[in-house]
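Peer 1: Dropping a structure here in structure tokens format, bear with me for questions.
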Amino acid sequence: MNREINTHITSGVVGLLLTAVFFFNLENISWMSIGFPKTVVYIMGLVSVILIVLGFVKPSRDQIFNVGSNVRWIVTGVLFFLWVLFMPVLGFYVSSVIFMTAIVGYLARVRTELTMRKFLVWIPIVIAEVTFFYLIFTQVLHVPLPQGMFF
Amino acid sequence: MLLETFIMLLDPVIISSIFAGVAAGLFVGAMPRLTATMALAVLLPFSLTLPPLHGLVALGAVYMGAIYGGSFAAILVNTPGTPSSIATAFEGYPMSKKGRALEALSIATVSSAVGGIAGSLFLLLLSPPLAKLSLRFGPAEYFWVAILGLTLIAGLSEGAAIKGLLGGAFGMVIGTIGVAPIGGETRFTFGLPVLQGGVAMIVALIGLFVLPELFNMAAKGKTALTAIDVDSKSRSSFWQVTKTVFSMPGNLIRSCIIGEIVAIIPGAGGNVANLVAYNEAKRASKHPEKFGTGMVEGLVATESSNNVTVAGSMVPLLTLGIPGAPPDAVILGVMMLHGLRPGIELFTTSGHLTYGFIISMGLAAIAMVPVGLLGGRLIYKVIFKTPVYFLVPTIGMATMLGTYAVRNSHTDVIIMLILGTMGFLFKQIGIAPAPIVLGLILGNIAEMGFVQALLTGQANQYPFLKLFENGLSQILIGMIVFSAVWPYLSVFKRRLKQRAKYRALEGQDE
């Protein structure tokens, strides 16, 4: 994915798609409620068109997704989503220990070889971190964290 | 009132909040890739559990500590911890290479403290008279002020004004999801009842500011950082360092004034101030040729100017509601959550709170000296020993917990992740997260102004003309047009200059 694209056109197209999403959801309600959002949606559409025109008149060549390994950020992102989705099922504590360990292991393997010994060091650190946050939120800040099948 | 407020701040809980905030900010700011905005966004939910004054004081201290913390990485690793310390690396790192790392850190600490105090004084002196001006503002003016804030940030922050405007408009639309503030009907819920309550500003702010950075860190996949060895024998006494810093009053005063002027311009924060102040220090120096080899003057200029911007950039924020820099957007978000609206009321009805916040930033600047000199090295050792593969999930967990704690809502965490991922993808095509967040925050002010102005204009044949009638509105519109056109004008001017240069060169060749 490390390649150059015309980001004016891309952002314009993205802007138009977003405009379409909101435009087709403009409801027929009083102007006091819809007047401002309608105006902003129109402006968003106009700015998107300007970007597309600009992209043709003065093409911009920018590198996108050149931050490093694309697979790594995607996998990390997926693990974050799974972490959150499993929170109501497994509970905050259990899901956090599982997914934190998974992310630590996944990101660490870039620079070091994964061994059982390393996991035996990391898991207690992860448990300590999660316990620390869990106690701060539940006992000090009195935030009831999601509970699942365990606790 | 000021004395009363000062005494109020001597409460042990507030003093502890200041020290803890500075230490937390220093910790995050010292880590390359983690910005002051991110520090504020991650720690913001914790501040919401505190009373308004305590929460704002803690966030102000985090902001101050984070900007100062950026100098640690600049001096020891030659990588600015935050964009506000770019020029610090020019002189700080060469000093470290010469075995003067501790001296450089101490100079950065004292200069940052001086800058922080100066910024608070500027804020204290400039805000009340400017806030009085806001009394002349009606709904239409507030609408235009919000639009002005957006155009200024869009134009100045990333150099891609139109993409910034698109981001700002998108932020404004996200802000309109849910119940209308005046009409009371729901908009853009897409049939999902969970969206009736709208997208909480804090949730969007955390997602858009923190998640893209986490994805960046994961993609880069670096392990711990390697710093230059600090020779503890090279330590200079605190008084010696203070004497050195104050031995160049002209440099200090000039840098502080530059910092304040840059800070007041929305969108241009410490990242611009430190470079301008460094450049001016070099121009004014008797030995400009020695810059880049470890000149104390350069270090004093950059570190004092960038810390002035912390409190200094809050002048437009507290008076008109225009965030001077992205971290100020977080502060504005917190203020609005506590029901505080920028303007004269902040200095009258909520005077104790506002003045308390301003003075506390001066106290945070003073707190940087003991925290930086005594705890700085310890914090830095922890940072160097913390591998990135632990940092990413740890910050991720703090982010999720913080988002959840805002409304005890699991849906909010999912929204935060979705917006954060969108923010990362948008960043790839040149749409920065800052204008989106600002659109979200300023959208509320703009919508209220827009609808109220049209309501007052209902007697007219064309109610929308109410937005353009007032002289102050027209001045603001002029400023908006100027700020929108300015980036293109400056590019055009630069091109003309370049063309003239080429022509002159061609003439010489012939």
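Each chain in the structure tokens gets a letter, A, B and so on, in the order shown; residues start at 1 in every chain, and ligands are counted from 1 in the order they appear.
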At a cut-off of 9 Å, using only C-alpha atoms, what residues contact Ser11 (chain A)? Leave out same-chain residues fewer than 4 positions from it and give the result as a VMD selection string.

Peer 2: (chain A and resid 6 to 7 15 to 16 48 51 to 52) or (chain B and resid 163 166 426 429 to 431)

Peer 1: Need the shell around region 25-40 of chain B: protein/DNA/RNA residues with any atom at most 7 Å away, counting only C-alpha atoms. Skip same-chain ones fewer than 5 positions apart. Format as a ChimeraX atom specification?

Peer 2: /B:59,62-63,65-73,79-82,209-210,326-327,330,379,383

Peer 1: Selection from above, C-alpha atoms, as a compact mmCIF listing (two decimals), in the first residue's frame, can you write it?

Peer 2:
```txt
# COMPACT_ATOMS: atom_id res chain seq x y z
CA LEU B 59 -5.19 19.41 33.00
CA VAL B 62 -0.43 18.20 32.43
CA TYR B 63 -0.29 20.58 29.44
CA GLY B 65 4.47 19.42 31.95
CA ALA B 66 4.01 17.84 28.51
CA ILE B 67 5.42 20.84 26.62
CA TYR B 68 8.37 20.96 29.01
CA GLY B 69 8.78 17.16 28.82
CA GLY B 70 9.36 17.40 25.10
CA SER B 71 12.77 18.94 25.83
CA PHE B 72 14.03 15.76 27.53
CA ALA B 73 13.81 13.67 24.38
CA THR B 79 14.16 13.55 18.79
CA PRO B 80 11.70 16.21 19.96
CA GLY B 81 9.25 14.73 22.44
CA THR B 82 6.60 17.13 21.14
CA PHE B 209 -6.29 12.37 19.05
CA VAL B 210 -5.05 9.15 20.64
CA PRO B 326 -5.13 21.58 19.53
CA PRO B 327 -4.48 20.93 23.27
CA VAL B 330 -9.37 19.56 24.98
CA ILE B 379 10.79 9.47 34.87
CA ILE B 383 10.48 5.80 29.74
```

Peer 1: Suppose you want the space between CA of Asn444 (chain B) and CA of Phe46 (chain B); what is it in Å?

Peer 2: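 Answer for the CA of Asn444 (chain B) to CA of Phe46 (chain B) separation: 23.9 Å.
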
Peer 1: Please report as a Markdown table every residue of chain B lying within 8 Å of chain A, along with the nearest atom pair and their distance in Å (one decimal), using only C-alpha atoms.

Peer 2:
```
| residue | atom | partner | partner_atom | distance |
| --- | --- | --- | --- | --- |
| B:Thr49 | CA | A:Leu141 | CA | 6.8 |
| B:Ile162 | CA | A:Val47 | CA | 6.9 |
| B:Lys163 | CA | A:Ser11 | CA | 7.3 |
| B:Leu165 | CA | A:Val47 | CA | 7.4 |
| B:Leu166 | CA | A:Met44 | CA | 5.9 |
| B:Ala169 | CA | A:Met44 | CA | 5.6 |
| B:Phe170 | CA | A:Met44 | CA | 6.9 |
| B:Met172 | CA | A:Val40 | CA | 7.2 |
| B:Val173 | CA | A:Pro37 | CA | 6.1 |
| B:Thr176 | CA | A:Pro37 | CA | 6.3 |
| B:Ala180 | CA | A:Ser33 | CA | 5.2 |
| B:Pro181 | CA | A:Ser33 | CA | 7.7 |
| B:Ile182 | CA | A:Met32 | CA | 6.5 |
| B:Gly183 | CA | A:Ser33 | CA | 4.5 |
| B:Gly184 | CA | A:Ser33 | CA | 6.6 |
| B:Glu185 | CA | A:Ser33 | CA | 6.0 |
| B:Thr186 | CA | A:Ser33 | CA | 7.7 |
| B:Arg187 | CA | A:Glu27 | CA | 7.1 |
| B:Phe188 | CA | A:Asn25 | CA | 6.0 |
| B:Phe190 | CA | A:Asn25 | CA | 7.1 |
| B:Phe215 | CA | A:Trp73 | CA | 5.0 |
| B:Asn216 | CA | A:Val67 | CA | 6.2 |
| B:Ala218 | CA | A:Trp73 | CA | 5.4 |
| B:Ala219 | CA | A:Ser69 | CA | 4.7 |
| B:Lys220 | CA | A:Gly68 | CA | 4.7 |
| B:Gly221 | CA | A:Leu107 | CA | 6.5 |
| B:Lys222 | CA | A:Arg111 | CA | 7.7 |
| B:Thr223 | CA | A:Arg111 | CA | 7.0 |
| B:Tyr389 | CA | A:Val104 | CA | 5.1 |
| B:Phe390 | CA | A:Val104 | CA | 5.7 |
| B:Pro393 | CA | A:Met100 | CA | 5.7 |
| B:Thr394 | CA | A:Met100 | CA | 7.7 |
| B:Gly396 | CA | A:Phe80 | CA | 7.8 |
| B:Met397 | CA | A:Ser96 | CA | 7.6 |
| B:Ala398 | CA | A:Phe133 | CA | 7.8 |
| B:Ala405 | CA | A:Val143 | CA | 6.3 |
| B:Asn408 | CA | A:Val143 | CA | 7.2 |
| B:His410 | CA | A:Pro146 | CA | 7.9 |
| B:Val413 | CA | A:Val84 | CA | 7.3 |
| B:Ile414 | CA | A:Val84 | CA | 7.0 |
| B:Leu417 | CA | A:Phe81 | CA | 7.1 |
| B:Thr421 | CA | A:Gly77 | CA | 7.8 |
| B:Phe426 | CA | A:Ser11 | CA | 7.8 |
| B:Gln428 | CA | A:Ile64 | CA | 5.2 |
| B:Ile429 | CA | A:Thr7 | CA | 5.2 |
| B:Gly430 | CA | A:Thr7 | CA | 6.9 |
| B:Ile431 | CA | A:Ser11 | CA | 7.6 |
| B:Glu447 | CA | A:Phe36 | CA | 5.9 |
| B:Phe450 | CA | A:Phe36 | CA | 7.0 |
| B:Val451 | CA | A:Met32 | CA | 6.1 |
```

Peer 1: Quick check for you: according to DSSP on this backbone, which residues of region 109-358 of chain B are classed as strand (DSSP E)? Reply as a ChimeraX atom specification.

Peer 2: /B:178-179,186-187

Peer 1: Okay, now the selection with C-alpha atoms, as a PDB file, in the first residue's frame?

Peer 2:
```
ATOM      1  CA  GLY B 178     -28.600  13.528  18.242  1.00  0.00           C
ATOM      2  CA  VAL B 179     -31.020  16.023  19.769  1.00  0.00           C
ATOM      3  CA  THR B 186     -33.201  14.268  16.662  1.00  0.00           C
ATOM      4  CA  ARG B 187     -30.937  14.300  13.606  1.00  0.00           C
TER       5      ARG B 187
END
```

Peer 1: Just the residues within 8 Å of Leu332 (chain B), please, counting only C-alpha atoms, with nothing from its chain fewer than 3 positions along; format it as a ChimeraX atom specification.

Peer 2: /B:317,321,323,328-329,335-336,441

Peer 1: Among region 23-82 of chain A, which ones does DSSP place in alpha helix (DSSP H), written as a PyMOL selection string?

Peer 2: chain A and resi 23+31-57+70-82

Peer 1: Excluding Thr109 (chain B) and residues on its chain fewer than 5 positions from it, collect all residues at most 10 Å away from it, counting only C-alpha atoms, and give them as a ChimeraX atom specification.

Peer 2: /B:68-69,71-72,103-104,114-115,238,241-242,300,303-304,365-366,368-373,376

Peer 1: Could you please determine the separation between CA of Ser134 (chain B) and CA of Leu476 (chain B) in Å, to one decimal place?

Peer 2: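 Separation between CA of Ser134 (chain B) and CA of Leu476 (chain B): 12.6 Å.
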
Peer 1: Here is a test: counting only C-alpha atoms, which residue of B:Ala453, B:Ala277, B:Leu505, B:Gly423 is nearest to Gly167 (chain B)?

Peer 2: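 Checking each candidate against Gly167 (chain B), we get B:Gly423 as the closest.
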
Peer 1: What's the 8 Å shell around region 344-355 of chain B, counting only C-alpha atoms, without same-chain residues fewer than 2 positions away, as a count of residues only?

Peer 2: 19
